[in-house]
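**Q** After the structure tokens below, expect a handful of questions from me.
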Amino acid sequence: MPKRKRTGTIVLAVVVLATIVAGAASASRAIKPPKPQADVRSAAFAFTETDLFKGSPNAFGEPSIALSSKDHVFMCGPQGIGAGNQFVRTPDWKTFETFLITDTPVDGEDCDVKVGSDDAVYEANLQIAAGAIRKSVADGQGPPAPPNTFGNGSFDYQVTEDPVEQDRQWLAPDPADASIIYYGYHDLASESEVVAKSLDGGKTFPIHTVTSSDATLLTDTLPNTFSGPVRVDPADHLTVAQVYAISTAADNVGACNTETACFGMPKRIVAAVSTDGGLTWTDRLAMDVAGKGNEILGNLFPWVTWDRAGNLYVMADLGGQDANGKPTNGVYYAVSKDKGATWSAMHKVNKGSGAVVFPTMAGGSDGIVDFAWLESSAVDQGTVGTWTLHFAQSRSATAARPTFTEVAGPAVRTGVVCTLGILCNGGRELADFMEIALDSFGYAHIAAPATDASDALYDVYWRQDAGPSATGTPCTPTCVAARPGPRP
């Protein structure tokens with residue numbers, strides 16, 4: 001009997017143990033984690049298109065775009081001389097608030113928006129003989145009731161900067177010091193490029209420097225420069241760059257007629273760089289096609305950006321014809337690894353051969369740059385074609401032979417595009433430029449002008465949702481499955 005009882009006990013223990021193991025296995029199967037999803041950054045490029053203000057009086061040309069640290073998006077653009085600028089705010093990428101910015105006595109046609117390191121929002125509104133600069137410390141929110149006109153409300157002050165004839169202005173907050181704001185512009189009277197500096201968060205701009213002052217370039221620089229943006233090196237906030245295009249003295253003489261007013265087409269891209277916080281500047285030729293047939297480089301505005309490692313890039317559209325009369329269309333850039341002292345060869349970004357306008361780019365991590373532009377189905381921008389928004393990314397932009405991944409986006413216009421500014425006689429519905437910016441995830445946000453079948457203006461907001469990030473790489477093991485969005 002004792003042996004039998006002991007045997008029974010052993011059998012019972014084995015049964016209990018088997019039940020426990022089975023239960024544990026079942027529980028393990030029940031709580032097994034889901035299969036990991038691929039990081040969104042390892043997927044192919046994907047974008048969301050949002051058409052803004054179709055059929056609305058709020059539409060504007062040459063949109064500028066910027067994002068806050070919370071990835072709230074701000075845009076602005078002109079509605080015409082005397083009509084003011086539209087300011088757009090979206091904290092969720094779905095709803096878009098619009099506010100009209102007007103100045104007295106007269107509004108101009110250019111607008112720029114940028115966000116400081118402290119998330120202060122700056123807006124510059126060109127006037128006929130000055131530039132009005134505003135600052136918001138309330139996330140760019142406008143007054144709560146109609147007529148929704150800035151001038152007070154959350155924009156806590158307005159500055160009328162330099163009572164001179166300005167043409168195109170660019171803001172550049174210092175990424176390391178919220179009290180420092182740079183303001184670049186083209187002086188119409190002297191045909192020179194100027195950078196002003198604020199030391200008090202944009203209230204005053206006591207420091208002004210002419211950047212286009214290299215004696216060896218003056219014969220080509222005067223009387224004709226084409227202004228580009230100002231940008232601060234994120235790796236060294238005392239280093240600042242401004243880009244501009246110039247024609248040649250011979251082309252200026254050859255262009256003297258009632259249509260072009262002695263302004264030859266641009267042939268060279270110059271980078272002005274300051275390494276002492278905007279006090280002194282050195283001009284260097286970054287790209288040059290002078291003497292190469294009738295090639296045109298930098299029409300209308302060239303672009304400039306830094307990556308986070310301190311590499312400097314300039315970008316411009318190439319058009320016209322070579323010495324054999326063959327079209328030379330393309331989006332090109334050059335890179336400097338030594339703060340603008342020396343430059344690489346010109347690298348073509350796009351694969352197509354159609355006419356191109358409105359180049360813009362944003363630098364990410366070391367050697368990574370996002371580019372955007374408009375490209376036509378026609379080889380001549382003065383010929384009716386279908387214009388398409390394009391994006392490309394290079395993850396080897398500092399290499400001797402960089403590679404690019406290009407994405408064709410929405411069609412934004414059917415017609416011609418004139419980039420002669422106020423000298424245009426039609427075809428200027430899109431105005432003169434567009435802009436790309438990066439969010440905190442390293443994804444691209446692009447604001448572009450567009451026209452419908454009746455040539456009525458509207459705006460396109462083209463946002464990256466998947467694909468490689470300009471500032472990061474996919475996680476291993478997977479840590480991000482979906483594309484993050486803005487934060488409250």
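Please note that chains go A, B, ... in the order of the structure tokens, that every chain numbers its residues from 1, and that ligands are numbered from 1 in the order shown.
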According to DSSP computed on the backbone, where in region 122-207 of chain A is there strand (DSSP E or B)? Give the residues as a VMD selection string.

**A** chain A and resid 122 to 127 130 to 136 149 to 150 155 to 161 166 to 173 181 to 187 192 to 198 207

**Q** As a VMD selection string, please: the residues near Pro468 (chain A) (cut-off 10 Å, only C-alpha atoms, same-chain neighbours under 6 positions excluded).

**A** chain A and resid 39 to 46 393 395 405 442 to 443 474

**Q** Smallest atom-to-atom distance to Ala411 (chain A): which of A:Leu374, A:Met361, A:Ala316, A:Val240, using only C-alpha atoms?

**A**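 Going through A:Leu374, A:Met361, A:Ala316, A:Val240 one by one, the smallest distance to Ala411 (chain A) is for A:Leu374.
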
**Q** Let's see if you can do this: from backbone DSSP, list all helix (DSSP H, G or I) residues in region 210-334 of chain A, as a PDB file with N, CA and C atoms, in the first residue's frame.

**A**
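Produced file part-v8.pdb, reproduced below:
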ATOM      1  N   ALA A 215      36.088  93.000 -54.995  1.00  0.00           N
ATOM      2  CA  ALA A 215      36.519  93.895 -56.081  1.00  0.00           C
ATOM      3  C   ALA A 215      36.692  93.150 -57.395  1.00  0.00           C
ATOM      4  N   THR A 216      37.121  91.906 -57.344  1.00  0.00           N
ATOM      5  CA  THR A 216      37.347  91.153 -58.576  1.00  0.00           C
ATOM      6  C   THR A 216      36.048  90.747 -59.262  1.00  0.00           C
ATOM      7  N   LEU A 217      34.936  90.846 -58.549  1.00  0.00           N
ATOM      8  CA  LEU A 217      33.646  90.467 -59.126  1.00  0.00           C
ATOM      9  C   LEU A 217      32.751  91.663 -59.413  1.00  0.00           C
ATOM     10  N   LEU A 218      33.182  92.858 -59.017  1.00  0.00           N
ATOM     11  CA  LEU A 218      32.292  94.016 -59.090  1.00  0.00           C
ATOM     12  C   LEU A 218      31.894  94.386 -60.515  1.00  0.00           C
ATOM     13  N   THR A 219      32.803  94.191 -61.465  1.00  0.00           N
ATOM     14  CA  THR A 219      32.438  94.559 -62.840  1.00  0.00           C
ATOM     15  C   THR A 219      31.296  93.705 -63.363  1.00  0.00           C
ATOM     16  N   ASP A 220      31.187  92.468 -62.854  1.00  0.00           N
ATOM     17  CA  ASP A 220      30.075  91.601 -63.233  1.00  0.00           C
ATOM     18  C   ASP A 220      28.892  91.766 -62.288  1.00  0.00           C
ATOM     19  N   THR A 221      29.187  92.068 -61.017  1.00  0.00           N
ATOM     20  CA  THR A 221      28.126  92.195 -60.020  1.00  0.00           C
ATOM     21  C   THR A 221      27.269  93.429 -60.262  1.00  0.00           C
ATOM     22  N   ALA A 249      29.571  91.594 -67.166  1.00  0.00           N
ATOM     23  CA  ALA A 249      29.577  92.965 -67.671  1.00  0.00           C
ATOM     24  C   ALA A 249      29.204  92.999 -69.152  1.00  0.00           C
ATOM     25  N   ALA A 250      29.726  92.047 -69.916  1.00  0.00           N
ATOM     26  CA  ALA A 250      29.431  92.008 -71.352  1.00  0.00           C
ATOM     27  C   ALA A 250      27.960  91.723 -71.611  1.00  0.00           C
ATOM     28  N   ASP A 251      27.389  90.813 -70.843  1.00  0.00           N
ATOM     29  CA  ASP A 251      25.969  90.498 -71.019  1.00  0.00           C
ATOM     30  C   ASP A 251      25.079  91.670 -70.616  1.00  0.00           C
ATOM     31  N   ASN A 252      25.486  92.409 -69.596  1.00  0.00           N
ATOM     32  CA  ASN A 252      24.710  93.580 -69.190  1.00  0.00           C
ATOM     33  C   ASN A 252      24.681  94.622 -70.303  1.00  0.00           C
ATOM     34  N   VAL A 253      25.816  94.833 -70.938  1.00  0.00           N
ATOM     35  CA  VAL A 253      25.875  95.790 -72.052  1.00  0.00           C
ATOM     36  C   VAL A 253      25.028  95.297 -73.212  1.00  0.00           C
ATOM     37  N   GLY A 254      25.141  94.006 -73.507  1.00  0.00           N
ATOM     38  CA  GLY A 254      24.390  93.439 -74.616  1.00  0.00           C
ATOM     39  C   GLY A 254      22.897  93.417 -74.390  1.00  0.00           C
TER      40      GLY A 254
END

**Q** Can you tell me how far CA of Pro63 (chain A) sits from CA of Cys76 (chain A), in Å to one decimal?

**A**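 Distance between the two atoms: 5.6 Å.
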
**Q** Show which residues sit within 8 Å of region 123-140 of chain A, as a ChimeraX atom specification. Count only C-alpha atoms, and ignore same-chain residues fewer than 3 positions away.

**A** /A:74,85,89,103,106-114,119-120,154-171,202

**Q** Those residues with N, CA, C and O atoms, as a short mmCIF file (atom, residue, chain, number, x, y, z; two decimals), in the first residue's frame please?

**A**
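out.cif, written as the output of this step:
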data_model
loop_
_atom_site.label_atom_id
_atom_site.label_comp_id
_atom_site.auth_asym_id
_atom_site.auth_seq_id
_atom_site.Cartn_x
_atom_site.Cartn_y
_atom_site.Cartn_z
N PHE A 74 4.10 76.79 -40.77
CA PHE A 74 3.73 78.17 -41.08
C PHE A 74 4.12 78.47 -42.52
O PHE A 74 5.20 78.08 -42.98
N ASN A 85 0.08 90.30 -47.49
CA ASN A 85 0.55 88.93 -47.51
C ASN A 85 -0.40 88.04 -46.72
O ASN A 85 -0.90 88.43 -45.67
N ARG A 89 -1.22 79.13 -40.87
CA ARG A 89 -0.75 78.34 -39.73
C ARG A 89 -1.54 77.03 -39.67
O ARG A 89 -2.76 77.03 -39.78
N ASP A 103 0.40 96.42 -44.25
CA ASP A 103 1.20 97.51 -43.71
C ASP A 103 0.80 98.81 -44.38
O ASP A 103 0.24 98.82 -45.49
N VAL A 106 2.34 101.36 -47.89
CA VAL A 106 2.16 100.51 -49.06
C VAL A 106 2.77 99.14 -48.81
O VAL A 106 3.86 99.03 -48.26
N ASP A 107 2.05 98.10 -49.22
CA ASP A 107 2.58 96.74 -49.14
C ASP A 107 3.40 96.42 -50.37
O ASP A 107 3.15 96.93 -51.46
N GLY A 108 4.34 95.53 -50.19
CA GLY A 108 5.13 95.07 -51.32
C GLY A 108 4.64 93.73 -51.83
O GLY A 108 3.46 93.41 -51.69
N GLU A 109 5.53 92.94 -52.39
CA GLU A 109 5.11 91.68 -52.99
C GLU A 109 5.83 90.47 -52.44
O GLU A 109 5.59 89.35 -52.86
N ASP A 110 6.78 90.61 -51.52
CA ASP A 110 7.57 89.48 -51.06
C ASP A 110 7.29 89.19 -49.59
O ASP A 110 6.98 90.10 -48.81
N CYS A 111 7.44 87.93 -49.21
CA CYS A 111 7.20 87.51 -47.84
C CYS A 111 8.17 86.40 -47.48
O CYS A 111 8.57 85.61 -48.34
N ASP A 112 8.57 86.34 -46.23
CA ASP A 112 9.39 85.23 -45.74
C ASP A 112 8.95 84.91 -44.32
O ASP A 112 8.62 85.82 -43.54
N VAL A 113 8.94 83.62 -43.95
CA VAL A 113 8.61 83.20 -42.59
C VAL A 113 9.68 82.23 -42.12
O VAL A 113 10.11 81.34 -42.85
N LYS A 114 10.13 82.41 -40.87
CA LYS A 114 11.10 81.52 -40.25
C LYS A 114 10.79 81.39 -38.77
O LYS A 114 10.14 82.26 -38.18
N ASP A 119 11.28 78.92 -30.79
CA ASP A 119 9.96 78.76 -31.41
C ASP A 119 9.24 80.09 -31.67
O ASP A 119 8.04 80.09 -31.97
N ALA A 120 9.93 81.20 -31.55
CA ALA A 120 9.34 82.47 -31.98
C ALA A 120 9.19 82.45 -33.50
O ALA A 120 10.08 81.99 -34.21
N SER A 154 -1.05 88.46 -31.58
CA SER A 154 0.07 87.70 -31.04
C SER A 154 1.41 88.17 -31.60
O SER A 154 2.45 87.83 -31.08
N PHE A 155 1.39 88.92 -32.69
CA PHE A 155 2.64 89.46 -33.21
C PHE A 155 2.98 90.68 -32.37
O PHE A 155 2.36 91.73 -32.48
N ASP A 156 3.99 90.52 -31.51
CA ASP A 156 4.18 91.49 -30.44
C ASP A 156 4.90 92.76 -30.86
O ASP A 156 4.95 93.70 -30.09
N TYR A 157 5.49 92.79 -32.05
CA TYR A 157 5.98 94.07 -32.53
C TYR A 157 6.22 94.02 -34.03
O TYR A 157 6.30 92.97 -34.63
N GLN A 158 6.34 95.21 -34.60
CA GLN A 158 6.62 95.35 -36.02
C GLN A 158 7.82 96.28 -36.17
O GLN A 158 7.92 97.30 -35.50
N VAL A 159 8.73 95.90 -37.04
CA VAL A 159 9.92 96.71 -37.31
C VAL A 159 9.90 97.12 -38.77
O VAL A 159 9.67 96.30 -39.65
N THR A 160 10.09 98.39 -39.04
CA THR A 160 10.31 98.83 -40.41
C THR A 160 11.80 98.95 -40.60
O THR A 160 12.45 99.83 -40.03
N GLU A 161 12.36 98.04 -41.35
CA GLU A 161 13.81 97.88 -41.43
C GLU A 161 14.37 98.54 -42.68
O GLU A 161 13.97 98.21 -43.80
N ASP A 162 15.29 99.47 -42.49
CA ASP A 162 16.05 100.09 -43.58
C ASP A 162 15.16 100.71 -44.66
O ASP A 162 14.69 100.02 -45.57
N PRO A 163 14.92 101.99 -44.61
CA PRO A 163 14.08 102.66 -45.62
C PRO A 163 14.82 102.80 -46.95
O PRO A 163 15.15 103.90 -47.40
N VAL A 164 15.13 101.66 -47.58
CA VAL A 164 15.75 101.65 -48.90
C VAL A 164 14.91 100.75 -49.80
O VAL A 164 14.09 99.96 -49.34
N GLU A 165 15.15 100.87 -51.10
CA GLU A 165 14.36 100.11 -52.07
C GLU A 165 14.82 98.66 -52.07
O GLU A 165 15.82 98.32 -52.70
N GLN A 166 14.09 97.82 -51.37
CA GLN A 166 14.46 96.41 -51.28
C GLN A 166 13.70 95.59 -52.31
O GLN A 166 12.61 95.93 -52.72
N ASP A 167 14.33 94.48 -52.70
CA ASP A 167 13.70 93.55 -53.63
C ASP A 167 14.09 92.15 -53.20
O ASP A 167 15.23 91.73 -53.42
N ARG A 168 13.18 91.44 -52.60
CA ARG A 168 13.38 90.10 -52.06
C ARG A 168 14.15 90.16 -50.73
O ARG A 168 15.25 90.70 -50.67
N GLN A 169 13.54 89.66 -49.70
CA GLN A 169 14.17 89.66 -48.39
C GLN A 169 14.11 88.26 -47.80
O GLN A 169 13.21 87.47 -48.09
N TRP A 170 15.11 87.93 -46.95
CA TRP A 170 15.26 86.59 -46.41
C TRP A 170 15.60 86.67 -44.92
O TRP A 170 16.53 87.38 -44.52
N LEU A 171 14.89 85.91 -44.10
CA LEU A 171 15.16 85.84 -42.67
C LEU A 171 16.00 84.60 -42.35
O LEU A 171 15.86 83.56 -43.00
N GLY A 202 15.09 90.57 -33.02
CA GLY A 202 14.38 91.18 -34.13
C GLY A 202 13.77 92.53 -33.86
O GLY A 202 13.11 93.09 -34.73
#

**Q** Which residues come within 6 Å of Val195 (chain A), counting only C-alpha atoms, excluding same-chain residues fewer than 4 positions away, as an MDAnalysis selection string?

**A** chainID A and resid 183:184 208:209

**Q** With only C-alpha atoms counted and 9 Å as the cut-off, give the residues of region 441-484 of chain A in contact with region 431-436 of chain A, each with its shortest interatomic distance in Å and the pair that gives it, as JSON lines.

**A**
{"residue": "A:Ala444", "atom": "CA", "partner": "A:Ile436", "partner_atom": "CA", "distance": 6.6}
{"residue": "A:His445", "atom": "CA", "partner": "A:Ile436", "partner_atom": "CA", "distance": 5.7}
{"residue": "A:Ile446", "atom": "CA", "partner": "A:Ile436", "partner_atom": "CA", "distance": 4.4}
{"residue": "A:Ala447", "atom": "CA", "partner": "A:Glu435", "partner_atom": "CA", "distance": 5.7}
{"residue": "A:Ala448", "atom": "CA", "partner": "A:Met434", "partner_atom": "CA", "distance": 5.1}
{"residue": "A:Pro449", "atom": "CA", "partner": "A:Met434", "partner_atom": "CA", "distance": 7.0}

**Q** Write the selection just made, keeping all heavy atoms, as a PDB file, in the first residue's frame?

**A**
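Writing the result to result_1.pdb gives the following:
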ATOM      1  N   ALA A 444      10.413  65.956 -45.353  1.00  0.00           N
ATOM      2  CA  ALA A 444      10.286  67.176 -46.145  1.00  0.00           C
ATOM      3  C   ALA A 444       8.857  67.703 -46.154  1.00  0.00           C
ATOM      4  O   ALA A 444       7.891  66.930 -46.246  1.00  0.00           O
ATOM      5  CB  ALA A 444      10.740  66.923 -47.576  1.00  0.00           C
ATOM      6  N   HIS A 445       8.735  69.026 -46.059  1.00  0.00           N
ATOM      7  CA  HIS A 445       7.471  69.739 -46.248  1.00  0.00           C
ATOM      8  C   HIS A 445       7.725  70.790 -47.328  1.00  0.00           C
ATOM      9  O   HIS A 445       8.644  71.601 -47.195  1.00  0.00           O
ATOM     10  CB  HIS A 445       7.017  70.421 -44.959  1.00  0.00           C
ATOM     11  CG  HIS A 445       6.663  69.476 -43.867  1.00  0.00           C
ATOM     12  ND1 HIS A 445       5.391  69.372 -43.347  1.00  0.00           N
ATOM     13  CD2 HIS A 445       7.421  68.581 -43.181  1.00  0.00           C
ATOM     14  CE1 HIS A 445       5.379  68.450 -42.394  1.00  0.00           C
ATOM     15  NE2 HIS A 445       6.601  67.963 -42.267  1.00  0.00           N
ATOM     16  N   ILE A 446       6.922  70.771 -48.371  1.00  0.00           N
ATOM     17  CA  ILE A 446       7.136  71.659 -49.514  1.00  0.00           C
ATOM     18  C   ILE A 446       5.885  72.501 -49.739  1.00  0.00           C
ATOM     19  O   ILE A 446       4.764  71.975 -49.757  1.00  0.00           O
ATOM     20  CB  ILE A 446       7.454  70.858 -50.786  1.00  0.00           C
ATOM     21  CG1 ILE A 446       8.694  69.974 -50.564  1.00  0.00           C
ATOM     22  CG2 ILE A 446       7.673  71.786 -51.979  1.00  0.00           C
ATOM     23  CD1 ILE A 446       8.926  68.955 -51.664  1.00  0.00           C
ATOM     24  N   ALA A 447       6.084  73.796 -49.897  1.00  0.00           N
ATOM     25  CA  ALA A 447       5.002  74.711 -50.267  1.00  0.00           C
ATOM     26  C   ALA A 447       5.294  75.221 -51.674  1.00  0.00           C
ATOM     27  O   ALA A 447       6.384  75.754 -51.922  1.00  0.00           O
ATOM     28  CB  ALA A 447       4.902  75.868 -49.284  1.00  0.00           C
ATOM     29  N   ALA A 448       4.337  75.050 -52.580  1.00  0.00           N
ATOM     30  CA  ALA A 448       4.554  75.426 -53.975  1.00  0.00           C
ATOM     31  C   ALA A 448       3.332  76.152 -54.519  1.00  0.00           C
ATOM     32  O   ALA A 448       2.196  75.844 -54.135  1.00  0.00           O
ATOM     33  CB  ALA A 448       4.849  74.197 -54.828  1.00  0.00           C
ATOM     34  N   PRO A 449       3.536  77.097 -55.435  1.00  0.00           N
ATOM     35  CA  PRO A 449       2.396  77.752 -56.088  1.00  0.00           C
ATOM     36  C   PRO A 449       1.858  76.884 -57.215  1.00  0.00           C
ATOM     37  O   PRO A 449       2.566  76.046 -57.769  1.00  0.00           O
ATOM     38  CB  PRO A 449       3.015  79.040 -56.625  1.00  0.00           C
ATOM     39  CG  PRO A 449       4.433  78.644 -56.950  1.00  0.00           C
ATOM     40  CD  PRO A 449       4.823  77.612 -55.919  1.00  0.00           C
TER      41      PRO A 449
END

**Q** Excluding Lys292 (chain A) and residues on its chain fewer than 3 positions from it, collect all residues at most 12 Å away from it, counting only C-alpha atoms, and give them as an MDAnalysis selection string.

**A** chainID A and resid 267:268 288:289 295:297 318:328
